[in-house]
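J.: mmCIF, C-alpha atoms, saved as input_37.cif, coming up:
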data_my_file
#
loop_
_atom_site.label_atom_id
_atom_site.label_comp_id
_atom_site.auth_asym_id
_atom_site.auth_seq_id
_atom_site.Cartn_x
_atom_site.Cartn_y
_atom_site.Cartn_z
CA MET A 1262 277.28 58.66 289.28
CA LYS A 1263 275.31 60.74 286.82
CA PHE A 1264 272.08 59.35 285.40
CA THR A 1265 270.45 60.96 282.36
CA LEU A 1266 267.21 60.03 280.68
CA TYR A 1267 268.13 58.24 277.51
CA HIS A 1268 265.03 56.72 275.93
CA SER A 1269 261.38 55.83 276.34
CA CYS A 1270 260.48 52.35 275.19
CA ILE A 1271 257.15 51.12 273.92
CA THR A 1272 256.31 47.67 272.60
CA VAL A 1273 254.55 47.78 269.23
CA LEU A 1274 252.47 45.23 267.35
CA ASP A 1275 253.28 46.38 263.79
CA LEU A 1276 256.79 47.80 263.50
CA GLU A 1277 256.41 49.19 259.95
CA LYS A 1278 253.18 50.93 260.85
CA SER A 1279 254.61 52.44 264.04
CA MET A 1280 257.80 53.62 262.30
CA LYS A 1281 255.69 55.23 259.57
CA PHE A 1282 253.56 56.92 262.23
CA TYR A 1283 256.54 58.39 264.12
CA GLU A 1284 258.13 59.51 260.85
CA GLU A 1285 254.97 61.25 259.64
CA ALA A 1286 253.67 62.52 262.96
CA PHE A 1287 256.94 63.62 264.60
CA GLY A 1288 259.56 63.66 261.86
CA PHE A 1289 261.56 60.97 263.66
CA LYS A 1290 263.99 58.72 261.79
CA GLU A 1291 265.60 55.39 262.60
CA VAL A 1292 268.94 56.08 264.28
CA ARG A 1293 269.87 52.62 265.56
CA ARG A 1294 268.55 49.07 265.27
CA ILE A 1295 269.14 45.86 267.21
CA SER A 1296 268.00 42.71 265.41
CA SER A 1297 267.76 39.32 267.05
CA ASP A 1298 269.76 36.49 265.51
CA ASP A 1299 266.68 34.34 265.08
CA GLY A 1300 264.30 37.04 263.85
CA SER A 1301 262.19 36.91 267.00
CA TYR A 1302 262.50 40.61 267.78
CA GLU A 1303 263.59 43.96 266.39
CA ILE A 1304 264.43 47.05 268.42
CA VAL A 1305 264.43 50.37 266.58
CA PHE A 1306 265.56 53.64 268.14
CA MET A 1307 264.04 56.76 266.57
CA ALA A 1308 264.75 60.46 267.05
CA ASP A 1309 264.97 63.71 265.20
CA GLU A 1310 268.41 64.65 263.90
CA GLY A 1311 270.79 65.69 266.64
CA ASP A 1312 268.52 64.61 269.49
CA VAL A 1313 270.08 62.79 272.41
CA THR A 1314 266.93 61.25 273.86
CA MET A 1315 265.23 58.64 271.73
CA LEU A 1316 262.04 56.68 271.34
CA GLU A 1317 262.60 52.92 271.38
CA LEU A 1318 260.17 50.69 269.50
CA THR A 1319 260.37 47.03 270.48
CA TRP A 1320 258.67 44.47 268.25
CA TYR A 1321 258.21 40.74 268.86
CA ARG A 1322 257.51 38.48 265.87
CA ASP A 1323 255.35 36.10 267.89
CA ARG A 1324 253.09 38.78 269.37
CA THR A 1325 249.75 38.75 267.59
CA GLU A 1326 247.37 40.24 270.16
CA PRO A 1327 247.17 43.99 270.75
CA TYR A 1328 249.05 45.04 273.88
CA ASP A 1329 247.14 45.54 277.10
CA LEU A 1330 248.15 49.05 278.18
CA GLY A 1331 246.70 48.69 281.67
CA ASP A 1332 244.89 51.49 283.46
CA ASN A 1333 247.83 53.74 284.15
CA GLU A 1334 248.41 56.97 282.23
CA ILE A 1335 251.95 56.44 281.07
CA HIS A 1336 252.80 58.66 278.16
CA VAL A 1337 255.70 60.28 276.40
CA GLY A 1338 255.93 64.05 276.00
CA PHE A 1339 257.33 66.01 273.05
CA ARG A 1340 258.16 69.68 272.86
CA VAL A 1341 257.37 71.38 269.55
CA ASP A 1342 258.35 74.81 268.27
CA ASP A 1343 255.03 75.40 266.45
CA TYR A 1344 252.18 74.05 268.56
CA ASP A 1345 249.30 75.12 266.30
CA ALA A 1346 250.93 73.67 263.18
CA ALA A 1347 251.64 70.42 265.05
CA TYR A 1348 248.04 70.08 266.21
CA ALA A 1349 246.71 70.83 262.69
CA HIS A 1350 249.15 68.28 261.23
CA HIS A 1351 248.07 65.52 263.59
CA LYS A 1352 244.39 66.20 262.96
CA GLU A 1353 245.00 66.21 259.19
CA MET A 1354 246.68 62.82 259.56
CA GLY A 1355 243.43 61.55 261.05
CA CYS A 1356 245.00 60.86 264.44
CA ILE A 1357 242.88 60.56 267.55
CA CYS A 1358 243.68 63.74 269.50
CA PHE A 1359 242.39 65.43 272.59
CA GLU A 1360 243.36 68.81 273.86
CA ASN A 1361 243.66 70.15 277.38
CA PRO A 1362 243.20 73.88 276.66
CA LYS A 1363 243.69 74.84 280.31
CA MET A 1364 247.16 73.30 280.29
CA GLY A 1365 247.86 74.31 276.66
CA ILE A 1366 248.76 70.77 275.62
CA TYR A 1367 247.25 67.98 273.57
CA PHE A 1368 247.60 64.23 273.29
CA VAL A 1369 247.75 62.12 270.16
CA ALA A 1370 247.25 58.34 270.06
CA ASP A 1371 249.80 56.19 268.26
CA PRO A 1372 248.90 52.96 266.37
CA ASP A 1373 249.00 50.86 269.57
CA GLY A 1374 246.97 53.40 271.55
CA TYR A 1375 249.88 54.89 273.50
CA TRP A 1376 249.32 58.57 274.18
CA MET A 1377 251.93 61.06 273.06
CA GLU A 1378 251.73 64.49 274.67
CA VAL A 1379 252.62 67.61 272.71
CA VAL A 1380 253.79 70.69 274.61
CA PRO A 1381 254.80 74.02 273.08
CA THR A 1382 258.45 74.95 273.53
CA ARG A 1383 258.35 77.78 276.04
CA MET B 853 258.17 71.78 262.97
CA LYS B 854 260.74 70.28 265.25
CA PHE B 855 259.66 67.73 267.87
CA THR B 856 261.98 66.78 270.71
CA LEU B 857 261.41 64.22 273.43
CA TYR B 858 260.66 66.17 276.55
CA HIS B 859 259.50 63.80 279.29
CA SER B 860 258.33 60.33 280.19
CA CYS B 861 255.30 60.23 282.43
CA ILE B 862 254.32 57.53 284.88
CA THR B 863 251.35 57.53 287.25
CA VAL B 864 252.34 56.73 290.82
CA LEU B 865 250.34 55.56 293.84
CA ASP B 866 252.51 57.11 296.57
CA LEU B 867 254.13 60.36 295.45
CA GLU B 868 256.44 60.74 298.47
CA LYS B 869 257.70 57.19 298.11
CA SER B 870 258.29 57.54 294.38
CA MET B 871 260.08 60.87 294.75
CA LYS B 872 262.31 59.37 297.43
CA PHE B 873 263.04 56.42 295.15
CA TYR B 874 264.06 58.57 292.18
CA GLU B 875 266.16 60.80 294.44
CA GLU B 876 268.01 57.88 296.01
CA ALA B 877 268.19 55.60 293.00
CA PHE B 878 268.95 58.13 290.25
CA GLY B 879 269.92 61.36 292.01
CA PHE B 880 266.92 63.15 290.49
CA LYS B 881 265.43 66.26 292.10
CA GLU B 882 262.09 68.01 291.75
CA VAL B 883 262.44 70.68 289.07
CA ARG B 884 258.81 71.69 288.53
CA ARG B 885 255.43 70.97 290.09
CA ILE B 886 251.84 71.45 288.98
CA SER B 887 249.29 71.26 291.81
CA SER B 888 245.56 71.04 291.26
CA ASP B 889 243.42 73.73 292.85
CA ASP B 890 241.32 71.16 294.69
CA GLY B 891 244.12 68.86 295.80
CA SER B 892 242.98 66.03 293.53
CA TYR B 893 246.31 65.63 291.74
CA GLU B 894 249.98 66.60 291.84
CA ILE B 895 252.39 66.47 288.92
CA VAL B 896 256.09 66.52 289.72
CA PHE B 897 258.83 66.75 287.11
CA MET B 898 262.18 65.31 288.18
CA ALA B 899 265.61 65.37 286.57
CA ASP B 900 269.28 65.65 287.36
CA GLU B 901 270.72 69.16 287.32
CA GLY B 902 271.04 70.59 283.84
CA ASP B 903 269.08 67.82 282.16
CA VAL B 904 266.59 68.77 279.49
CA THR B 905 264.53 65.58 279.45
CA MET B 906 262.56 64.85 282.59
CA LEU B 907 260.64 62.16 284.39
CA GLU B 908 257.06 63.18 285.18
CA LEU B 909 255.34 61.66 288.20
CA THR B 910 251.56 62.05 288.18
CA TRP B 911 249.67 61.35 291.40
CA TYR B 912 245.91 61.23 291.97
CA ARG B 913 244.57 61.65 295.51
CA ASP B 914 241.61 59.36 294.90
CA ARG B 915 243.61 56.46 293.48
CA THR B 916 243.93 53.75 296.11
CA GLU B 917 244.50 50.61 294.03
CA PRO B 918 247.90 49.75 292.54
CA TYR B 919 248.09 50.61 288.85
CA ASP B 920 247.54 47.87 286.31
CA LEU B 921 250.65 48.08 284.12
CA GLY B 922 249.21 45.84 281.39
CA ASP B 923 251.27 43.27 279.52
CA ASN B 924 253.39 45.62 277.46
CA GLU B 925 257.07 46.25 278.20
CA ILE B 926 257.05 50.01 278.38
CA HIS B 927 260.07 51.29 280.24
CA VAL B 928 262.29 54.32 280.62
CA GLY B 929 266.02 54.13 279.93
CA PHE B 930 268.82 55.98 281.73
CA ARG B 931 272.42 56.35 280.71
CA VAL B 932 274.95 56.24 283.54
CA ASP B 933 278.65 57.06 283.54
CA ASP B 934 279.58 54.28 286.02
CA TYR B 935 277.52 51.19 285.25
CA ASP B 936 279.04 48.89 287.89
CA ALA B 937 278.63 51.45 290.67
CA ALA B 938 275.03 52.06 289.61
CA TYR B 939 274.19 48.37 289.66
CA ALA B 940 275.85 47.93 293.09
CA HIS B 941 273.96 50.98 294.40
CA HIS B 942 270.58 49.68 293.26
CA LYS B 943 271.23 46.24 294.72
CA GLU B 944 272.34 47.81 298.01
CA MET B 945 269.08 49.77 298.07
CA GLY B 946 267.27 46.43 297.97
CA CYS B 947 265.72 47.13 294.57
CA ILE B 948 264.43 44.33 292.40
CA CYS B 949 266.94 44.17 289.54
CA PHE B 950 267.60 41.90 286.62
CA GLU B 951 270.52 42.06 284.28
CA ASN B 952 270.79 41.25 280.60
CA PRO B 953 274.55 40.50 280.43
CA LYS B 954 274.46 39.89 276.68
CA MET B 955 273.19 43.42 276.09
CA GLY B 956 275.23 44.90 278.96
CA ILE B 957 272.19 46.49 280.59
CA TYR B 958 270.02 45.95 283.65
CA PHE B 959 266.53 46.85 284.77
CA VAL B 960 265.42 48.08 288.18
CA ALA B 961 261.81 48.13 289.41
CA ASP B 962 260.41 51.32 290.89
CA PRO B 963 257.81 51.40 293.73
CA ASP B 964 254.89 50.91 291.31
CA GLY B 965 256.64 48.12 289.42
CA TYR B 966 257.66 50.20 286.38
CA TRP B 967 260.96 49.00 284.95
CA MET B 968 263.79 51.48 284.56
CA GLU B 969 266.60 50.41 282.25
CA VAL B 970 270.19 51.36 282.99
CA VAL B 971 272.65 51.58 280.10
CA PRO B 972 276.32 52.52 280.34
CA THR B 973 277.28 55.76 278.62
CA ARG B 974 279.23 54.63 275.60
#
As C-alpha cells, please, write out the structure in this file.
T.:
Amino acid sequence: MKFTLYHSCITVLDLEKSMKFYEEAFGFKEVRRISSDDGSYEIVFMADEGDVTMLELTWYRDRTEPYDLGDNEIHVGFRVDDYDAAYAHHKEMGCICFENPKMGIYFVADPDGYWMEVVPTR
Amino acid sequence: MKFTLYHSCITVLDLEKSMKFYEEAFGFKEVRRISSDDGSYEIVFMADEGDVTMLELTWYRDRTEPYDLGDNEIHVGFRVDDYDAAYAHHKEMGCICFENPKMGIYFVADPDGYWMEVVPTR
C-alpha cells in the first residue's frame, strides 16, 4: 500500500468569496467540483495548473454561522518561488498577515480565519 | 509567482503516539524535524519516501489538554493504490473509521481526533 497526501479540506461559509480569495491570493483555479443533488452542498477542488495536491473547499447551504476553528493550530502550507513578492502581494490585498522572521515564513488568514503558511521554495 | 501546496499541519498532544500512528496507518516516516532551543516545541514533518507534500506534526511541551477541534470539518486526504487493503488495515488497527460508500471514500480518526480521508487512486 502506498499512501500519498492528496488534499487539504477546509469548510467555508461563503464559497464565492473563498474561491475568489484563493484565486487572487494563490493563483489557484477550480479543477474539480462535486455538487449535491439537492443543492445542500458544493465541494470545489482548487490547485495551480499541473499540481497534484489540491485544496478542497466544502460549502454547506444551511450553514449560516461562522465556523468554530477550535484552539488548535491547524494550517496549510504553500511553497512559493518568490517569497518577497508573495508577502507584498498578500499585504497589498489587505490580508491579515504575520511573519515569523526567525523561521523565514509568514501566515495569511483566509476569509474564514484559517491560516495559510507561506514558505520560500528552497 | 507560483504557489504549490507543501504541507498540512496539525497540532498533536502526544508526539510519539501520533508519529507511531502515521507510521503504522499510512507508512509515513519522519523526513525533517525542527526542535526548539528550550524544548518547548517539536515540529516533525512526515511523508512516504519520495513524496513532495508532507504532514506536519506540531507538539507543544506545555499543552496538557486535548485540542479543541471546533465544529468545522477540516481534514487531510490521502490517495491509496489499494483501497480495500487500506480500509482492512485501518480496521485491524482498531481505528475509528466511517465509510461513505456513495462517494467511495472513508475517514479514519487519528489520536487527536483529526479525520484523515482515504481515496482510491483513480
J.: Using only C-alpha atoms, find each residue in chain B having at least one atom no more than 6 Å away from chain A; report its shortest atom-to-atom pair and that distance in Å (one decimal), rows by chain then rising number, as JSON lines.
T.:
{"residue": "B:Met853", "atom": "CA", "partner": "A:Asp1343", "partner_atom": "CA", "distance": 5.9}
{"residue": "B:Lys854", "atom": "CA", "partner": "A:Val1341", "partner_atom": "CA", "distance": 5.6}
{"residue": "B:Phe855", "atom": "CA", "partner": "A:Val1341", "partner_atom": "CA", "distance": 4.6}
{"residue": "B:Thr856", "atom": "CA", "partner": "A:Arg1340", "partner_atom": "CA", "distance": 5.3}
{"residue": "B:Leu857", "atom": "CA", "partner": "A:Phe1339", "partner_atom": "CA", "distance": 4.5}
{"residue": "B:Tyr858", "atom": "CA", "partner": "A:Phe1339", "partner_atom": "CA", "distance": 4.8}
{"residue": "B:His859", "atom": "CA", "partner": "A:Gly1338", "partner_atom": "CA", "distance": 4.9}
{"residue": "B:Ser860", "atom": "CA", "partner": "A:Val1337", "partner_atom": "CA", "distance": 4.6}
{"residue": "B:Cys861", "atom": "CA", "partner": "A:His1336", "partner_atom": "CA", "distance": 5.2}
{"residue": "B:Ile862", "atom": "CA", "partner": "A:Ile1335", "partner_atom": "CA", "distance": 4.6}
{"residue": "B:Thr863", "atom": "CA", "partner": "A:Glu1334", "partner_atom": "CA", "distance": 5.8}
{"residue": "B:Phe878", "atom": "CA", "partner": "A:Phe1264", "partner_atom": "CA", "distance": 5.9}
{"residue": "B:Tyr919", "atom": "CA", "partner": "A:Asn1333", "partner_atom": "CA", "distance": 5.7}
{"residue": "B:Asp920", "atom": "CA", "partner": "A:Gly1331", "partner_atom": "CA", "distance": 4.8}
{"residue": "B:Leu921", "atom": "CA", "partner": "A:Gly1331", "partner_atom": "CA", "distance": 4.7}
{"residue": "B:Gly922", "atom": "CA", "partner": "A:Gly1331", "partner_atom": "CA", "distance": 3.8}
{"residue": "B:Asp923", "atom": "CA", "partner": "A:Asp1329", "partner_atom": "CA", "distance": 5.3}
{"residue": "B:Asn924", "atom": "CA", "partner": "A:Tyr1328", "partner_atom": "CA", "distance": 5.7}
{"residue": "B:Glu925", "atom": "CA", "partner": "A:Thr1272", "partner_atom": "CA", "distance": 5.8}
{"residue": "B:Ile926", "atom": "CA", "partner": "A:Ile1271", "partner_atom": "CA", "distance": 4.6}
{"residue": "B:His927", "atom": "CA", "partner": "A:Cys1270", "partner_atom": "CA", "distance": 5.2}
{"residue": "B:Val928", "atom": "CA", "partner": "A:Ser1269", "partner_atom": "CA", "distance": 4.6}
{"residue": "B:Gly929", "atom": "CA", "partner": "A:His1268", "partner_atom": "CA", "distance": 4.9}
{"residue": "B:Phe930", "atom": "CA", "partner": "A:Leu1266", "partner_atom": "CA", "distance": 4.5}
{"residue": "B:Arg931", "atom": "CA", "partner": "A:Thr1265", "partner_atom": "CA", "distance": 5.3}
{"residue": "B:Val932", "atom": "CA", "partner": "A:Phe1264", "partner_atom": "CA", "distance": 4.6}
{"residue": "B:Asp933", "atom": "CA", "partner": "A:Lys1263", "partner_atom": "CA", "distance": 6.0}
{"residue": "B:Asp934", "atom": "CA", "partner": "A:Met1262", "partner_atom": "CA", "distance": 5.9}
J.: Deliver the residues from the most recent selection as a file, using C-alpha atoms, as an mmCIF file, in the frame of the given file.
T.:
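And here's selection-v2.cif as it stands now:
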data_model
loop_
_atom_site.group_PDB
_atom_site.id
_atom_site.type_symbol
_atom_site.label_atom_id
_atom_site.label_comp_id
_atom_site.auth_asym_id
_atom_site.auth_seq_id
_atom_site.Cartn_x
_atom_site.Cartn_y
_atom_site.Cartn_z
ATOM 1 C CA MET B 853 258.170 71.780 262.970
ATOM 2 C CA LYS B 854 260.740 70.280 265.250
ATOM 3 C CA PHE B 855 259.660 67.730 267.870
ATOM 4 C CA THR B 856 261.980 66.780 270.710
ATOM 5 C CA LEU B 857 261.410 64.220 273.430
ATOM 6 C CA TYR B 858 260.660 66.170 276.550
ATOM 7 C CA HIS B 859 259.500 63.800 279.290
ATOM 8 C CA SER B 860 258.330 60.330 280.190
ATOM 9 C CA CYS B 861 255.300 60.230 282.430
ATOM 10 C CA ILE B 862 254.320 57.530 284.880
ATOM 11 C CA THR B 863 251.350 57.530 287.250
ATOM 12 C CA PHE B 878 268.950 58.130 290.250
ATOM 13 C CA TYR B 919 248.090 50.610 288.850
ATOM 14 C CA ASP B 920 247.540 47.870 286.310
ATOM 15 C CA LEU B 921 250.650 48.080 284.120
ATOM 16 C CA GLY B 922 249.210 45.840 281.390
ATOM 17 C CA ASP B 923 251.270 43.270 279.520
ATOM 18 C CA ASN B 924 253.390 45.620 277.460
ATOM 19 C CA GLU B 925 257.070 46.250 278.200
ATOM 20 C CA ILE B 926 257.050 50.010 278.380
ATOM 21 C CA HIS B 927 260.070 51.290 280.240
ATOM 22 C CA VAL B 928 262.290 54.320 280.620
ATOM 23 C CA GLY B 929 266.020 54.130 279.930
ATOM 24 C CA PHE B 930 268.820 55.980 281.730
ATOM 25 C CA ARG B 931 272.420 56.350 280.710
ATOM 26 C CA VAL B 932 274.950 56.240 283.540
ATOM 27 C CA ASP B 933 278.650 57.060 283.540
ATOM 28 C CA ASP B 934 279.580 54.280 286.020
#
J.: Name the residues that the PyMOL selection byres ((chain B and resi 951) around 12) picks from the file above, as a list in words, using the file's chain letters and numbers.
T.: Tyr935, Asp936, Tyr939, Ala940, His942, Lys943, Ile948, Cys949, Phe950, Asn952, Pro953, Lys954, Met955, Gly956, Ile957, Tyr958, Phe959, Val960, Ala961, Trp967, Met968, Glu969, Val970 and Val971 of chain B
J.: Print the selection's residues with C-alpha atoms to a file, as an mmCIF file, in the frame of the given file.
T.:
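Writing done, so here's selection18.cif:
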data_model
loop_
_atom_site.group_PDB
_atom_site.id
_atom_site.type_symbol
_atom_site.label_atom_id
_atom_site.label_comp_id
_atom_site.auth_asym_id
_atom_site.auth_seq_id
_atom_site.Cartn_x
_atom_site.Cartn_y
_atom_site.Cartn_z
ATOM 1 C CA TYR B 935 277.520 51.190 285.250
ATOM 2 C CA ASP B 936 279.040 48.890 287.890
ATOM 3 C CA TYR B 939 274.190 48.370 289.660
ATOM 4 C CA ALA B 940 275.850 47.930 293.090
ATOM 5 C CA HIS B 942 270.580 49.680 293.260
ATOM 6 C CA LYS B 943 271.230 46.240 294.720
ATOM 7 C CA ILE B 948 264.430 44.330 292.400
ATOM 8 C CA CYS B 949 266.940 44.170 289.540
ATOM 9 C CA PHE B 950 267.600 41.900 286.620
ATOM 10 C CA ASN B 952 270.790 41.250 280.600
ATOM 11 C CA PRO B 953 274.550 40.500 280.430
ATOM 12 C CA LYS B 954 274.460 39.890 276.680
ATOM 13 C CA MET B 955 273.190 43.420 276.090
ATOM 14 C CA GLY B 956 275.230 44.900 278.960
ATOM 15 C CA ILE B 957 272.190 46.490 280.590
ATOM 16 C CA TYR B 958 270.020 45.950 283.650
ATOM 17 C CA PHE B 959 266.530 46.850 284.770
ATOM 18 C CA VAL B 960 265.420 48.080 288.180
ATOM 19 C CA ALA B 961 261.810 48.130 289.410
ATOM 20 C CA TRP B 967 260.960 49.000 284.950
ATOM 21 C CA MET B 968 263.790 51.480 284.560
ATOM 22 C CA GLU B 969 266.600 50.410 282.250
ATOM 23 C CA VAL B 970 270.190 51.360 282.990
ATOM 24 C CA VAL B 971 272.650 51.580 280.100
#
J.: Atom CA of Phe873 of chain B and atom CA of Asp889 of chain B, how far apart in Å?
T.: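 Spanning atom CA of Asp889 of chain B to atom CA of Phe873 of chain B is a straight-line distance of 26.3 Å.
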J.: Choose the residue, out of B:Asp914, B:Asp964, B:Glu944, B:Glu876, that has the smallest atom-to-atom separation from Gly891 of chain B; count all atoms listed in the file.
T.: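 The closest residue to Gly891 of chain B is B:Asp914.
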J.: Would you please work out which residue, of A:Ser1296, A:Pro1372, A:Met1354, A:Glu1291, is nearest to Asp1275 of chain A when using all atoms listed in the file?
T.: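 Going through A:Ser1296, A:Pro1372, A:Met1354, A:Glu1291 one by one, the smallest distance to Asp1275 of chain A is for A:Pro1372.
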J.: Between B:Lys869, B:Gly946, B:Asp890, B:Arg885, which one has atoms that come closest to Arg913 of chain B, using only C-alpha atoms?
T.: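 When distances to Arg913 of chain B are compared using only C-alpha atoms, the smallest one comes from B:Asp890.
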J.: One decimal, in Å: what's the spacing between atom CA of Asp962 of chain B and atom CA of Glu917 of chain B?
T.: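 Those two atoms sit 16.2 Å apart.
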J.: When you look at Leu867 of chain B with a cut-off of 9 Å (counting only C-alpha atoms), what residues show up, excluding the ones that are within fewer than 3 positions of it in the same chain? I need them as a list in words.
T.: Val864, Ser870, Met871, Lys872, Glu894, Val896, Leu909, Thr910, Trp911 and Tyr912 of chain B
J.: So for segment 1328-1334 of chain A, what box centre and size do we get, axis-aligned, 3 Å extra on each of the six sides, every listed atom, Å to one decimal, as JSON?
T.:
{"center_x": 247.0, "center_y": 51.0, "center_z": 279.0, "size_x": 10.2, "size_y": 17.9, "size_z": 16.3}
J.: So how many Å separate atom CA of Cys1356 of chain A and atom CA of Tyr1283 of chain A, to one decimal?
T.: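 Interatomic distance, atom CA of Cys1356 of chain A to atom CA of Tyr1283 of chain A: 11.8 Å.
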J.: Taking the structure I provided as the source, export segment 1293-1373 of chain A with C-alpha atoms, as a compact mmCIF listing (two decimals), in the first residue's frame.
T.:
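Contents of decode-v7.txt, as written:
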# COMPACT_ATOMS: atom_id res chain seq x y z
CA ARG A 1293 -12.97 19.66 -9.97
CA ARG A 1294 -16.40 20.12 -8.41
CA ILE A 1295 -18.86 17.80 -6.68
CA SER A 1296 -22.39 19.19 -6.39
CA SER A 1297 -25.09 17.64 -4.26
CA ASP A 1298 -28.30 16.62 -6.00
CA ASP A 1299 -30.41 18.74 -3.68
CA GLY A 1300 -28.18 21.81 -3.58
CA SER A 1301 -27.27 21.30 0.07
CA TYR A 1302 -23.51 21.29 -0.50
CA GLU A 1303 -20.79 22.05 -3.03
CA ILE A 1304 -17.25 20.71 -2.94
CA VAL A 1305 -14.66 22.55 -5.03
CA PHE A 1306 -11.10 21.35 -5.51
CA MET A 1307 -8.59 24.09 -6.33
CA ALA A 1308 -4.94 23.99 -7.38
CA ASP A 1309 -2.44 25.67 -9.61
CA GLU A 1310 -2.03 24.15 -13.07
CA GLY A 1311 -0.24 20.84 -13.03
CA ASP A 1312 -0.32 20.45 -9.25
CA VAL A 1313 -1.18 17.05 -7.84
CA THR A 1314 -2.11 18.12 -4.32
CA MET A 1315 -5.22 20.25 -4.01
CA LEU A 1316 -7.13 22.46 -1.65
CA GLU A 1317 -10.70 21.28 -1.08
CA LEU A 1318 -13.35 23.86 -0.20
CA THR A 1319 -16.53 22.36 1.25
CA TRP A 1320 -19.61 24.55 1.47
CA TYR A 1321 -22.96 23.77 3.12
CA ARG A 1322 -26.02 25.78 2.07
CA ASP A 1323 -27.61 25.60 5.52
CA ARG A 1324 -24.55 26.82 7.41
CA THR A 1325 -25.06 30.43 8.45
CA GLU A 1326 -22.78 30.80 11.48
CA PRO A 1327 -19.03 31.30 11.12
CA TYR A 1328 -17.10 28.09 11.75
CA ASP A 1329 -15.58 27.50 15.16
CA LEU A 1330 -11.93 26.74 14.37
CA GLY A 1331 -11.15 25.47 17.87
CA ASP A 1332 -7.89 26.19 19.65
CA ASN A 1333 -5.61 24.02 17.58
CA GLU A 1334 -3.15 25.47 15.08
CA ILE A 1335 -4.10 23.52 12.00
CA HIS A 1336 -2.92 25.21 8.86
CA VAL A 1337 -1.99 24.54 5.28
CA GLY A 1338 1.46 25.37 3.93
CA PHE A 1339 2.38 26.63 0.46
CA ARG A 1340 5.78 26.87 -1.14
CA VAL A 1341 6.38 29.93 -3.31
CA ASP A 1342 9.22 30.71 -5.70
CA ASP A 1343 9.29 34.45 -4.86
CA TYR A 1344 8.72 34.91 -1.14
CA ASP A 1345 9.10 38.70 -1.02
CA ALA A 1346 6.71 39.25 -3.94
CA ALA A 1347 4.19 36.88 -2.32
CA TYR A 1348 4.31 38.70 1.00
CA ALA A 1349 3.96 42.10 -0.72
CA HIS A 1350 1.03 40.77 -2.77
CA HIS A 1351 -0.84 39.49 0.28
CA LYS A 1352 -0.31 42.74 2.17
CA GLU A 1353 -1.49 44.73 -0.86
CA MET A 1354 -4.63 42.60 -0.92
CA GLY A 1355 -5.30 43.77 2.63
CA CYS A 1356 -4.92 40.29 4.09
CA ILE A 1357 -4.19 39.77 7.76
CA CYS A 1358 -0.59 38.54 7.80
CA PHE A 1359 2.02 37.81 10.39
CA GLU A 1360 5.60 36.93 9.79
CA ASN A 1361 7.96 34.69 11.71
CA PRO A 1362 11.29 36.22 10.61
CA LYS A 1363 13.33 33.68 12.57
CA MET A 1364 11.79 30.84 10.59
CA GLY A 1365 11.60 32.88 7.35
CA ILE A 1366 7.89 32.20 6.88
CA TYR A 1367 4.63 34.10 7.16
CA PHE A 1368 0.98 33.28 7.65
CA VAL A 1369 -2.01 34.79 5.89
CA ALA A 1370 -5.62 34.50 7.08
CA ASP A 1371 -8.28 33.36 4.63
CA PRO A 1372 -11.92 34.61 4.72
CA ASP A 1373 -12.91 32.06 7.38
